[in-house]
>>> print(open('query-v2.cif').read())   # mmCIF, C-alpha atoms
data_run
loop_
_atom_site.label_atom_id
_atom_site.label_comp_id
_atom_site.auth_asym_id
_atom_site.auth_seq_id
_atom_site.Cartn_x
_atom_site.Cartn_y
_atom_site.Cartn_z
CA MET A 154 95.04 109.66 130.17
CA GLU A 155 92.39 112.30 129.66
CA LYS A 156 88.65 111.82 129.07
CA ILE A 157 86.13 113.68 126.96
CA PHE A 158 82.52 113.30 128.08
CA VAL A 159 79.88 113.33 125.37
CA GLU A 160 76.12 113.61 125.90
CA THR A 161 74.20 112.35 122.91
CA THR A 162 70.56 113.25 122.38
CA SER A 163 69.43 110.90 119.57
CA HIS A 164 69.63 107.22 118.71
CA THR A 165 72.14 107.98 115.95
CA GLU A 166 74.21 111.15 116.07
CA PHE A 167 77.60 112.41 114.90
CA LEU A 168 79.14 115.00 117.24
CA GLU A 169 82.26 116.96 116.38
CA ILE A 170 84.87 116.77 119.18
CA THR A 171 87.83 118.40 117.40
CA SER A 172 88.07 121.40 119.75
CA GLU A 173 87.86 119.22 122.90
CA VAL A 174 90.70 117.05 121.56
CA GLU A 175 92.75 120.12 120.61
CA LYS A 176 92.35 121.49 124.15
CA ILE A 177 93.78 118.29 125.66
CA VAL A 178 96.67 118.37 123.17
CA LYS A 179 97.50 121.99 124.13
CA ASN A 180 97.36 121.20 127.87
CA SER A 181 99.68 118.23 127.44
CA LYS A 182 102.49 120.54 126.26
CA VAL A 183 103.66 117.72 123.98
CA LYS A 184 105.13 119.20 120.80
CA ASP A 185 105.43 116.19 118.47
CA GLY A 186 103.84 112.78 118.50
CA ILE A 187 100.49 111.12 118.00
CA CYS A 188 97.13 111.79 119.59
CA PHE A 189 95.37 108.48 120.22
CA LEU A 190 91.59 108.44 120.79
CA TYR A 191 89.70 105.41 122.11
CA VAL A 192 85.99 104.70 122.60
CA PRO A 193 85.29 102.18 125.40
CA HIS A 194 81.80 101.42 124.06
CA THR A 195 80.49 98.67 121.75
CA THR A 196 77.77 100.73 120.05
CA ALA A 197 79.71 103.94 119.33
CA SER A 198 82.70 104.86 117.16
CA LEU A 199 85.03 107.61 116.04
CA PHE A 200 85.76 108.82 112.53
CA ILE A 201 87.44 111.67 110.68
CA ASN A 202 85.72 113.40 107.78
CA GLU A 203 84.64 116.76 106.36
CA ASN A 204 83.72 119.46 108.89
CA ALA A 205 82.71 122.18 106.41
CA ASP A 206 79.33 121.17 104.97
CA PRO A 207 77.18 119.31 107.58
CA SER A 208 75.29 117.58 104.77
CA VAL A 209 78.32 115.30 104.30
CA ARG A 210 77.79 113.86 107.81
CA LYS A 211 74.08 113.55 107.14
CA ASP A 212 74.82 111.57 103.96
CA ILE A 213 77.24 109.28 105.84
CA GLU A 214 74.65 108.77 108.60
CA ASN A 215 71.77 108.08 106.22
CA TYR A 216 73.92 105.68 104.26
CA LEU A 217 74.93 103.66 107.35
CA LEU A 218 71.34 103.51 108.61
CA LYS A 219 70.23 102.11 105.27
CA LEU A 220 73.20 99.74 104.79
CA ILE A 221 72.75 98.16 108.23
CA PRO A 222 68.99 98.06 108.82
CA GLU A 223 67.65 98.61 112.35
CA LYS A 224 65.44 95.54 112.14
CA GLY A 225 66.73 92.36 110.58
CA ASN A 226 67.15 88.66 111.14
CA TYR A 227 69.25 89.35 114.27
CA GLN A 228 69.75 86.90 117.19
CA HIS A 229 70.80 89.38 119.91
CA LEU A 230 67.72 89.99 122.06
CA GLU A 231 68.52 93.54 123.20
CA GLY A 232 67.46 94.80 119.78
CA ASN A 233 70.61 96.84 119.11
CA SER A 234 72.53 94.49 116.79
CA ALA A 235 72.55 97.13 114.06
CA SER A 236 74.33 99.50 116.48
CA HIS A 237 77.01 96.86 117.23
CA ILE A 238 77.53 96.17 113.52
CA ARG A 239 77.79 99.88 112.63
CA SER A 240 80.37 100.48 115.37
CA THR A 241 82.37 97.40 114.30
CA LEU A 242 82.57 98.74 110.73
CA LEU A 243 83.78 102.21 111.82
CA GLY A 244 86.09 100.93 114.58
CA SER A 245 86.89 102.04 118.12
CA SER A 246 89.98 104.21 117.83
CA LEU A 247 91.69 106.97 115.86
CA SER A 248 95.22 108.30 115.67
CA ILE A 249 96.13 111.81 114.53
CA PRO A 250 99.62 113.30 114.13
CA LEU A 251 100.78 116.17 116.37
CA GLU A 252 103.25 118.87 115.37
CA ASN A 253 104.28 122.07 117.14
CA GLY A 254 101.87 121.22 119.95
CA SER A 255 98.79 121.03 117.69
CA LEU A 256 96.69 118.38 115.98
CA LEU A 257 97.79 118.09 112.37
CA LEU A 258 94.47 117.56 110.60
CA GLY A 259 93.87 118.14 106.90
CA THR A 260 92.16 121.39 105.86
CA TRP A 261 88.67 119.89 105.71
CA GLN A 262 88.98 117.27 108.43
CA GLY A 263 87.11 117.19 111.74
CA ILE A 264 87.02 114.48 114.43
CA TYR A 265 83.58 112.95 115.06
CA PHE A 266 82.09 110.84 117.81
CA ALA A 267 79.54 108.47 116.26
CA GLU A 268 76.65 107.50 118.54
CA PHE A 269 74.78 104.43 117.30
CA ASP A 270 72.67 103.59 120.38
CA GLY A 271 71.79 106.84 122.13
CA PRO A 272 70.82 108.97 123.77
CA ARG A 273 73.54 108.23 126.33
CA ARG A 274 76.41 109.68 128.32
CA ARG A 275 79.60 108.50 126.61
CA GLU A 276 83.37 108.78 127.01
CA VAL A 277 86.30 109.23 124.65
CA TRP A 278 89.72 108.44 126.10
CA VAL A 279 92.69 110.47 124.91
CA LYS A 280 96.37 109.52 125.13
CA ILE A 281 99.22 111.64 123.81
CA ILE A 282 102.21 109.61 122.61
CA LYS A 283 105.46 111.62 122.44
CA ASP A 284 107.77 111.11 119.47
CA MET B 216 107.29 114.01 109.76
CA GLU B 217 107.81 112.93 106.17
CA LYS B 218 105.40 113.24 103.23
CA ILE B 219 104.68 111.00 100.27
CA PHE B 220 103.15 112.75 97.26
CA VAL B 221 100.72 110.77 95.17
CA GLU B 222 99.37 111.77 91.73
CA THR B 223 96.18 109.91 90.93
CA THR B 224 94.90 109.69 87.37
CA SER B 225 91.35 108.33 87.78
CA HIS B 226 88.25 109.04 89.86
CA THR B 227 88.81 105.84 91.83
CA GLU B 228 92.26 104.29 92.02
CA PHE B 229 94.33 102.15 94.38
CA LEU B 230 98.06 102.91 94.24
CA GLU B 231 100.68 100.82 96.00
CA ILE B 232 103.00 102.97 98.15
CA THR B 233 104.88 100.20 100.01
CA SER B 234 108.31 101.04 98.55
CA GLU B 235 107.94 104.78 99.25
CA VAL B 236 107.06 104.01 102.87
CA GLU B 237 109.96 101.54 103.16
CA LYS B 238 112.37 104.21 101.87
CA ILE B 239 111.27 106.64 104.62
CA VAL B 240 111.62 103.90 107.24
CA LYS B 241 115.19 103.14 106.08
CA ASN B 242 116.15 106.83 106.08
CA SER B 243 114.82 107.30 109.62
CA LYS B 244 117.41 104.81 110.94
CA VAL B 245 114.82 103.73 113.54
CA LYS B 246 115.27 100.01 114.28
CA ASP B 247 112.12 99.11 116.21
CA GLY B 248 108.75 100.80 116.56
CA ILE B 249 105.68 101.60 114.55
CA CYS B 250 105.28 103.32 111.20
CA PHE B 251 102.19 105.54 111.31
CA LEU B 252 100.59 106.70 108.03
CA TYR B 253 97.97 109.44 107.83
CA VAL B 254 95.86 110.80 104.97
CA PRO B 255 94.85 114.47 105.44
CA HIS B 256 92.00 114.17 102.91
CA THR B 257 88.28 113.44 103.31
CA THR B 258 87.79 111.54 100.05
CA ALA B 259 90.84 109.24 100.16
CA SER B 260 92.02 106.41 102.41
CA LEU B 261 94.74 103.89 103.12
CA PHE B 262 94.47 100.12 103.39
CA ILE B 263 96.63 97.00 103.53
CA ASN B 264 95.85 93.97 101.38
CA GLU B 265 97.26 91.52 98.84
CA ASN B 266 99.99 92.83 96.53
CA ALA B 267 100.49 89.68 94.45
CA ASP B 268 97.47 89.36 92.15
CA PRO B 269 96.17 92.83 91.04
CA SER B 270 92.70 91.35 90.48
CA VAL B 271 92.21 91.35 94.28
CA ARG B 272 92.42 95.17 94.31
CA LYS B 273 90.10 95.34 91.31
CA ASP B 274 87.56 93.17 93.17
CA ILE B 275 87.81 95.40 96.27
CA GLU B 276 87.39 98.51 94.11
CA ASN B 277 84.45 97.14 92.13
CA TYR B 278 82.78 96.01 95.34
CA LEU B 279 83.09 99.44 97.01
CA LEU B 280 81.81 101.24 93.89
CA LYS B 281 78.74 99.00 93.87
CA LEU B 282 78.15 99.05 97.65
CA ILE B 283 78.24 102.85 97.82
CA PRO B 284 76.63 104.06 94.60
CA GLU B 285 77.95 107.21 92.92
CA LYS B 286 74.47 108.68 92.59
CA GLY B 287 71.99 108.36 95.40
CA ASN B 288 69.62 110.32 97.60
CA TYR B 289 72.52 112.48 98.84
CA GLN B 290 72.18 116.02 100.29
CA HIS B 291 75.77 117.25 99.76
CA LEU B 292 75.69 119.45 96.66
CA GLU B 293 79.26 118.88 95.48
CA GLY B 294 78.20 115.46 94.18
CA ASN B 295 80.98 113.49 95.90
CA SER B 296 79.11 112.06 98.90
CA ALA B 297 79.91 108.53 97.78
CA SER B 298 83.64 109.42 97.94
CA HIS B 299 83.24 110.72 101.52
CA ILE B 300 81.34 107.59 102.58
CA ARG B 301 83.90 105.24 101.00
CA SER B 302 86.79 107.00 102.73
CA THR B 303 84.94 106.99 106.07
CA LEU B 304 84.48 103.20 105.83
CA LEU B 305 88.18 102.55 105.06
CA GLY B 306 89.53 105.15 107.49
CA SER B 307 92.30 107.74 107.38
CA SER B 308 95.31 106.05 108.97
CA LEU B 309 97.35 102.86 109.19
CA SER B 310 99.98 101.55 111.57
CA ILE B 311 102.59 98.94 110.67
CA PRO B 312 105.22 97.38 112.96
CA LEU B 313 108.94 98.02 112.36
CA GLU B 314 111.74 95.60 113.19
CA ASN B 315 115.45 95.70 112.36
CA GLY B 316 114.87 98.97 110.51
CA SER B 317 112.25 97.54 108.10
CA LEU B 318 108.48 97.45 107.74
CA LEU B 319 107.22 94.15 109.09
CA LEU B 320 104.44 93.33 106.61
CA GLY B 321 102.96 89.90 106.08
CA THR B 322 104.16 87.91 103.04
CA TRP B 323 101.26 88.97 100.80
CA GLN B 324 100.65 92.44 102.20
CA GLY B 325 101.14 95.75 100.39
CA ILE B 326 100.21 99.29 101.50
CA TYR B 327 97.69 101.05 99.27
CA PHE B 328 96.57 104.64 98.84
CA ALA B 329 92.86 104.66 97.94
CA GLU B 330 91.75 107.58 95.79
CA PHE B 331 87.97 108.06 95.81
CA ASP B 332 87.67 111.51 94.20
CA GLY B 333 90.48 111.92 91.68
CA PRO B 334 92.35 112.66 89.66
CA ARG B 335 94.23 114.80 92.20
CA ARG B 336 97.57 115.49 93.80
CA ARG B 337 97.46 113.91 97.27
CA GLU B 338 99.65 113.53 100.36
CA VAL B 339 100.35 110.74 102.82
CA TRP B 340 102.02 111.78 106.06
CA VAL B 341 104.47 109.38 107.68
CA LYS B 342 105.60 109.35 111.29
CA ILE B 343 108.01 106.82 112.78
CA ILE B 344 107.37 106.07 116.45
CA LYS B 345 110.40 104.56 118.24
CA ASP B 346 109.82 101.71 120.70
CA MET C 126 107.49 91.87 119.48
CA GLU C 127 105.36 89.02 120.72
CA LYS C 128 103.15 86.68 118.70
CA ILE C 129 99.81 85.06 119.42
CA PHE C 130 99.11 81.89 117.43
CA VAL C 131 95.50 81.25 116.47
CA GLU C 132 94.12 77.99 115.04
CA THR C 133 90.82 78.56 113.28
CA THR C 134 88.47 75.67 112.53
CA SER C 135 85.91 77.21 110.12
CA HIS C 136 85.88 79.31 106.96
CA THR C 137 84.58 82.30 108.92
CA GLU C 138 85.14 82.51 112.66
CA PHE C 139 85.54 85.16 115.36
CA LEU C 140 87.85 84.09 118.20
CA GLU C 141 88.28 86.09 121.39
CA ILE C 142 91.97 86.74 122.15
CA THR C 143 91.58 89.22 125.04
CA SER C 144 93.22 86.99 127.68
CA GLU C 145 96.20 86.14 125.42
CA VAL C 146 96.77 89.86 124.80
CA GLU C 147 96.42 90.64 128.52
CA LYS C 148 99.05 88.00 129.35
CA ILE C 149 101.56 89.64 126.99
CA VAL C 150 100.79 93.06 128.49
CA LYS C 151 101.41 91.73 132.03
CA ASN C 152 104.70 90.06 131.00
CA SER C 153 105.94 93.26 129.38
CA LYS C 154 105.88 95.05 132.78
CA VAL C 155 104.94 98.24 130.90
CA LYS C 156 102.66 100.35 133.10
CA ASP C 157 101.31 102.98 130.69
CA GLY C 158 101.14 103.16 126.95
CA ILE C 159 99.38 101.55 124.03
CA CYS C 160 99.04 97.92 123.05
CA PHE C 161 99.30 97.61 119.27
CA LEU C 162 98.00 94.47 117.53
CA TYR C 163 98.72 93.60 113.91
CA VAL C 164 97.49 90.84 111.60
CA PRO C 165 100.01 89.92 108.85
CA HIS C 166 97.31 88.25 106.72
CA THR C 167 95.15 89.55 103.86
CA THR C 168 92.03 87.48 104.62
CA ALA C 169 91.81 88.02 108.39
CA SER C 170 91.21 91.00 110.67
CA LEU C 171 90.90 92.21 114.25
CA PHE C 172 88.01 94.03 115.88
CA ILE C 173 86.74 95.07 119.30
CA ASN C 174 83.12 94.51 120.29
CA GLU C 175 80.83 93.03 122.93
CA ASN C 176 82.10 89.94 124.77
CA ALA C 177 79.03 89.30 126.93
CA ASP C 178 76.33 87.87 124.64
CA PRO C 179 77.88 85.69 121.86
CA SER C 180 74.83 86.38 119.66
CA VAL C 181 76.26 89.86 118.98
CA ARG C 182 79.28 88.28 117.24
CA LYS C 183 76.99 85.91 115.37
CA ASP C 184 74.93 88.90 114.13
CA ILE C 185 78.10 90.74 113.02
CA GLU C 186 79.33 87.58 111.23
CA ASN C 187 76.00 86.86 109.51
CA TYR C 188 75.75 90.48 108.43
CA LEU C 189 79.24 90.52 106.86
CA LEU C 190 78.63 87.21 105.07
CA LYS C 191 75.46 88.63 103.55
CA LEU C 192 76.87 92.10 102.76
CA ILE C 193 79.88 90.67 100.91
CA PRO C 194 78.61 87.56 99.13
CA GLU C 195 80.92 84.55 98.81
CA LYS C 196 80.20 84.23 95.09
CA GLY C 197 80.00 87.30 92.91
CA ASN C 198 81.31 88.84 89.76
CA TYR C 199 84.89 88.59 91.07
CA GLN C 200 88.05 88.50 88.91
CA HIS C 201 90.48 86.92 91.40
CA LEU C 202 90.76 83.25 90.43
CA GLU C 203 91.52 81.82 93.89
CA GLY C 204 87.85 82.23 94.80
CA ASN C 205 88.44 84.12 98.05
CA SER C 206 87.78 87.71 96.94
CA ALA C 207 84.97 88.02 99.51
CA SER C 208 87.51 87.17 102.25
CA HIS C 209 89.88 89.91 101.00
CA ILE C 210 87.05 92.46 100.87
CA ARG C 211 85.79 91.59 104.37
CA SER C 212 89.29 91.93 105.85
CA THR C 213 89.85 95.24 104.04
CA LEU C 214 86.64 96.65 105.57
CA LEU C 215 87.58 95.61 109.14
CA GLY C 216 91.28 96.50 108.82
CA SER C 217 94.52 94.86 109.91
CA SER C 218 95.39 96.46 113.23
CA LEU C 219 94.03 97.63 116.59
CA SER C 220 95.34 99.87 119.35
CA ILE C 221 94.19 99.69 122.97
CA PRO C 222 95.26 101.93 125.85
CA LEU C 223 97.27 100.50 128.79
CA GLU C 224 97.13 101.78 132.35
CA ASN C 225 98.61 100.36 135.55
CA GLY C 226 100.02 97.47 133.54
CA SER C 227 96.63 96.33 132.18
CA LEU C 228 94.61 96.68 128.99
CA LEU C 229 92.07 99.45 129.47
CA LEU C 230 89.04 98.03 127.66
CA GLY C 231 85.46 99.21 128.16
CA THR C 232 83.20 97.09 130.40
CA TRP C 233 81.65 95.12 127.54
CA GLN C 234 84.59 95.07 125.15
CA GLY C 235 86.57 92.03 124.03
CA ILE C 236 89.29 91.71 121.38
CA TYR C 237 88.46 89.42 118.46
CA PHE C 238 90.46 87.75 115.72
CA ALA C 239 88.30 87.57 112.58
CA GLU C 240 89.05 84.62 110.30
CA PHE C 241 87.60 85.08 106.81
CA ASP C 242 89.39 82.27 104.93
CA GLY C 243 89.92 79.40 107.34
CA PRO C 244 90.52 76.94 108.70
CA ARG C 245 94.16 78.02 109.07
CA ARG C 246 97.00 78.62 111.48
CA ARG C 247 97.26 82.40 111.95
CA GLU C 248 99.36 84.95 113.81
CA VAL C 249 98.65 88.18 115.65
CA TRP C 250 101.68 90.36 116.34
CA VAL C 251 101.74 92.40 119.55
CA LYS C 252 103.84 95.46 120.30
CA ILE C 253 103.72 97.43 123.54
CA ILE C 254 104.43 101.14 123.11
CA LYS C 255 105.52 102.88 126.33
CA ASP C 256 104.16 106.34 127.09
#
>>> encode(input="query-v2.cif", output="structure tokens")
Amino acid sequence: MEKIFVETTSHTEFLEITSEVEKIVKNSKVKDGICFLYVPHTTASLFINENADPSVRKDIENYLLKLIPEKGNYQHLEGNSASHIRSTLLGSSLSIPLENGSLLLGTWQGIYFAEFDGPRRREVWVKIIKD
Amino acid sequence: MEKIFVETTSHTEFLEITSEVEKIVKNSKVKDGICFLYVPHTTASLFINENADPSVRKDIENYLLKLIPEKGNYQHLEGNSASHIRSTLLGSSLSIPLENGSLLLGTWQGIYFAEFDGPRRREVWVKIIKD
Amino acid sequence: MEKIFVETTSHTEFLEITSEVEKIVKNSKVKDGICFLYVPHTTASLFINENADPSVRKDIENYLLKLIPEKGNYQHLEGNSASHIRSTLLGSSLSIPLENGSLLLGTWQGIYFAEFDGPRRREVWVKIIKD
């Protein structure tokens, strides 16, 4: 299993990791299969969406911040319940098909690490499953 | 990898694709494993839910349209930010167990393609992973 | 494929199943791969989040109950549309990496079964995919 290390610089932040994942896929020499990504954190997630216009990510981020308010009637005393809820909604793993030794993403798709309780040093674990 | 082609006819639409997926599983002759489905689009998703009463899908659709309003304080100029947010919440892939050469769905489960920015011609990619 | 049986005692309830999953992983004798979990129900889900402070789960639960109200302008006559919507948002499967014959979860992560229409007897299906 390979690891991608991510340094986030804000409380909430979406960082594209497509090229780091692609590098691991190339090094694995696996031609066909699935690339499985896993986040071992409880206040961070992964998602796939548009990588052309950055305003799309900004709209997704703003929406999530508004939908799950930072302050609320939360019981958890650490003050980061909103971060746990956001990461639960987006989930902790992704799978992407591989063909001819490359990630098979759609034309407009990029892979994003979603930080919901930064800034922190984070990890994304990568496993390549052969067909 | 196999492809399912989907023609959507509305802006938002949930289309059942269970029988198309089952056909690909049968043709693969794989007995046990996982069927992996992937949507290469950034304004469409996949989900599994009830296939008996169609009003369940209608309730899910109406809820998502209300939760993520079509018009909002969005930055993305193409006007389809709500479609990107909806597809980010539902995700871009599904995995379903296979046994004895068939999809192993629960009694009430069907596989749905979720169009959030139609009408369009769309694709679902299917990969069968052997045990 | 192995099965975990879950007895829920409330309408909405999050039950930790990490140790049951770990037991199946150990028995499988598989050293490296992915543990795939699947819920064959349309009003229940799986998620991964913090297993240290139980108030985190309570905050996630309270948030979902408020976000998707029990009573609404729903068409489905069985009265459990909110349960279907909640399970659609959280999804019906999880994948977790395996290494050295163990689940490779993050320090604070636990695996949860999310009941949204209990009390009921439920199943979680487990498949171990070798590397």
>>> closest_atom_pairs(input="query-v2.cif", of="chain C", to="chain B", cutoff="6 Å", atoms="only C-alpha atoms", output="tab-separated table")
residue	atom	partner	partner_atom	distance
C:Pro165	CA	B:Gly321	CA	4.0
C:His166	CA	B:Gly321	CA	5.9
C:Thr167	CA	B:Asn264	CA	5.1
C:Tyr199	CA	B:Asp274	CA	5.7
C:Gln200	CA	B:Ser270	CA	5.7
C:His201	CA	B:Ser270	CA	5.0
C:Ile210	CA	B:Ile275	CA	5.5
C:Ile254	CA	B:Asp346	CA	5.9
>>> resolve_selection(input="query-v2.cif", expression="the PyMOL selection byres ((chain B and resi 226-233) around 8)", output="list in words")
Thr223, Thr224, Ser225, Ser234, Glu235, Val236, Glu237, Arg272, Glu276, Gly325, Ile326, Tyr327, Phe328, Ala329, Glu330, Phe331, Asp332, Gly333 and Pro334 of chain B
>>> calpha_fit_and_write(input="query-v2.cif", fixed="chain B", moving="chain C", output="CSV table (one decimal) with C-alpha atoms, in the coordinates of the input")
chain,number,residue,atom,x,y,z
C,126,MET,CA,107.3,114.0,109.7
C,127,GLU,CA,107.8,112.9,106.2
C,128,LYS,CA,105.4,113.2,103.2
C,129,ILE,CA,104.7,111.0,100.3
C,130,PHE,CA,103.2,112.8,97.3
C,131,VAL,CA,100.7,110.8,95.2
C,132,GLU,CA,99.4,111.8,91.7
C,133,THR,CA,96.2,109.9,90.9
C,134,THR,CA,94.9,109.7,87.4
C,135,SER,CA,91.3,108.3,87.8
C,136,HIS,CA,88.2,109.0,89.9
C,137,THR,CA,88.8,105.8,91.8
C,138,GLU,CA,92.3,104.3,92.0
C,139,PHE,CA,94.3,102.1,94.4
C,140,LEU,CA,98.1,102.9,94.2
C,141,GLU,CA,100.7,100.8,96.0
C,142,ILE,CA,103.0,103.0,98.1
C,143,THR,CA,104.9,100.2,100.0
C,144,SER,CA,108.3,101.0,98.5
C,145,GLU,CA,107.9,104.8,99.2
C,146,VAL,CA,107.1,104.0,102.9
C,147,GLU,CA,110.0,101.6,103.2
C,148,LYS,CA,112.4,104.2,101.9
C,149,ILE,CA,111.3,106.6,104.6
C,150,VAL,CA,111.6,103.9,107.2
C,151,LYS,CA,115.2,103.1,106.1
C,152,ASN,CA,116.2,106.8,106.1
C,153,SER,CA,114.8,107.3,109.6
C,154,LYS,CA,117.4,104.8,111.0
C,155,VAL,CA,114.8,103.7,113.5
C,156,LYS,CA,115.3,100.0,114.3
C,157,ASP,CA,112.1,99.1,116.2
C,158,GLY,CA,108.8,100.8,116.6
C,159,ILE,CA,105.7,101.6,114.5
C,160,CYS,CA,105.3,103.3,111.2
C,161,PHE,CA,102.2,105.5,111.3
C,162,LEU,CA,100.6,106.7,108.0
C,163,TYR,CA,98.0,109.4,107.8
C,164,VAL,CA,95.9,110.8,105.0
C,165,PRO,CA,94.9,114.5,105.4
C,166,HIS,CA,92.0,114.2,102.9
C,167,THR,CA,88.3,113.4,103.3
C,168,THR,CA,87.8,111.5,100.0
C,169,ALA,CA,90.8,109.3,100.2
C,170,SER,CA,92.0,106.4,102.4
C,171,LEU,CA,94.8,103.9,103.1
C,172,PHE,CA,94.5,100.1,103.4
C,173,ILE,CA,96.6,97.0,103.5
C,174,ASN,CA,95.8,94.0,101.4
C,175,GLU,CA,97.3,91.5,98.9
C,176,ASN,CA,100.0,92.8,96.5
C,177,ALA,CA,100.5,89.7,94.4
C,178,ASP,CA,97.5,89.4,92.1
C,179,PRO,CA,96.2,92.8,91.1
C,180,SER,CA,92.7,91.3,90.5
C,181,VAL,CA,92.2,91.3,94.3
C,182,ARG,CA,92.4,95.2,94.3
C,183,LYS,CA,90.1,95.3,91.3
C,184,ASP,CA,87.6,93.2,93.2
C,185,ILE,CA,87.8,95.4,96.3
C,186,GLU,CA,87.4,98.5,94.1
C,187,ASN,CA,84.4,97.1,92.1
C,188,TYR,CA,82.8,96.0,95.3
C,189,LEU,CA,83.1,99.4,97.0
C,190,LEU,CA,81.8,101.2,93.9
C,191,LYS,CA,78.7,99.0,93.9
C,192,LEU,CA,78.2,99.0,97.7
C,193,ILE,CA,78.2,102.9,97.8
C,194,PRO,CA,76.6,104.1,94.6
C,195,GLU,CA,78.0,107.2,92.9
C,196,LYS,CA,74.5,108.7,92.6
C,197,GLY,CA,72.0,108.4,95.4
C,198,ASN,CA,69.6,110.3,97.6
C,199,TYR,CA,72.5,112.5,98.8
C,200,GLN,CA,72.2,116.0,100.3
C,201,HIS,CA,75.8,117.2,99.8
C,202,LEU,CA,75.7,119.4,96.7
C,203,GLU,CA,79.3,118.9,95.5
C,204,GLY,CA,78.2,115.5,94.2
C,205,ASN,CA,81.0,113.5,95.9
C,206,SER,CA,79.1,112.1,98.9
C,207,ALA,CA,79.9,108.5,97.8
C,208,SER,CA,83.6,109.4,97.9
C,209,HIS,CA,83.2,110.7,101.5
C,210,ILE,CA,81.3,107.6,102.6
C,211,ARG,CA,83.9,105.2,101.0
C,212,SER,CA,86.8,107.0,102.7
C,213,THR,CA,84.9,107.0,106.1
C,214,LEU,CA,84.5,103.2,105.8
C,215,LEU,CA,88.2,102.5,105.1
C,216,GLY,CA,89.5,105.2,107.5
C,217,SER,CA,92.3,107.7,107.4
C,218,SER,CA,95.3,106.1,109.0
C,219,LEU,CA,97.4,102.9,109.2
C,220,SER,CA,100.0,101.6,111.6
C,221,ILE,CA,102.6,98.9,110.7
C,222,PRO,CA,105.2,97.4,113.0
C,223,LEU,CA,108.9,98.0,112.3
C,224,GLU,CA,111.7,95.6,113.2
C,225,ASN,CA,115.4,95.7,112.3
C,226,GLY,CA,114.9,99.0,110.5
C,227,SER,CA,112.3,97.5,108.1
C,228,LEU,CA,108.5,97.5,107.7
C,229,LEU,CA,107.2,94.2,109.1
C,230,LEU,CA,104.4,93.3,106.6
C,231,GLY,CA,103.0,89.9,106.1
C,232,THR,CA,104.2,87.9,103.0
C,233,TRP,CA,101.3,89.0,100.8
C,234,GLN,CA,100.6,92.4,102.2
C,235,GLY,CA,101.1,95.8,100.4
C,236,ILE,CA,100.2,99.3,101.5
C,237,TYR,CA,97.7,101.1,99.3
C,238,PHE,CA,96.6,104.6,98.8
C,239,ALA,CA,92.9,104.7,97.9
C,240,GLU,CA,91.7,107.6,95.8
C,241,PHE,CA,88.0,108.1,95.8
C,242,ASP,CA,87.7,111.5,94.2
C,243,GLY,CA,90.5,111.9,91.7
C,244,PRO,CA,92.4,112.7,89.7
C,245,ARG,CA,94.2,114.8,92.2
C,246,ARG,CA,97.6,115.5,93.8
C,247,ARG,CA,97.5,113.9,97.3
C,248,GLU,CA,99.7,113.5,100.4
C,249,VAL,CA,100.4,110.7,102.8
C,250,TRP,CA,102.0,111.8,106.0
C,251,VAL,CA,104.5,109.4,107.7
C,252,LYS,CA,105.6,109.4,111.3
C,253,ILE,CA,108.0,106.8,112.8
C,254,ILE,CA,107.4,106.1,116.4
C,255,LYS,CA,110.4,104.6,118.3
C,256,ASP,CA,109.8,101.7,120.7
>>> resolve_selection(input="query-v2.cif", expression="the PyMOL selection byres ((chain C and resi 208) around 8)", output="PyMOL selection string")
chain C and resi 168-169+195+205-207+209-212+241-242
>>> atom_distance(input="query-v2.cif", atom1="CA of Val254 (chain B)", atom2="CA of Lys281 (chain B)")
23.6 Å
>>> resolve_selection(input="query-v2.cif", expression="the PyMOL selection byres ((chain B and resi 342) around 8)", output="list of chain:residue names")
A:Pro250, B:Met216, B:Glu217, B:Cys250, B:Phe251, B:Leu252, B:Trp340, B:Val341, B:Ile343, B:Ile344
>>> atom_distance(input="query-v2.cif", atom1="CA of Val240 (chain B)", atom2="CA of Leu318 (chain B)")
7.2 Å
>>> atom_distance(input="query-v2.cif", atom1="CA of Ser245 (chain A)", atom2="CA of Glu132 (chain C)")
25.3 Å
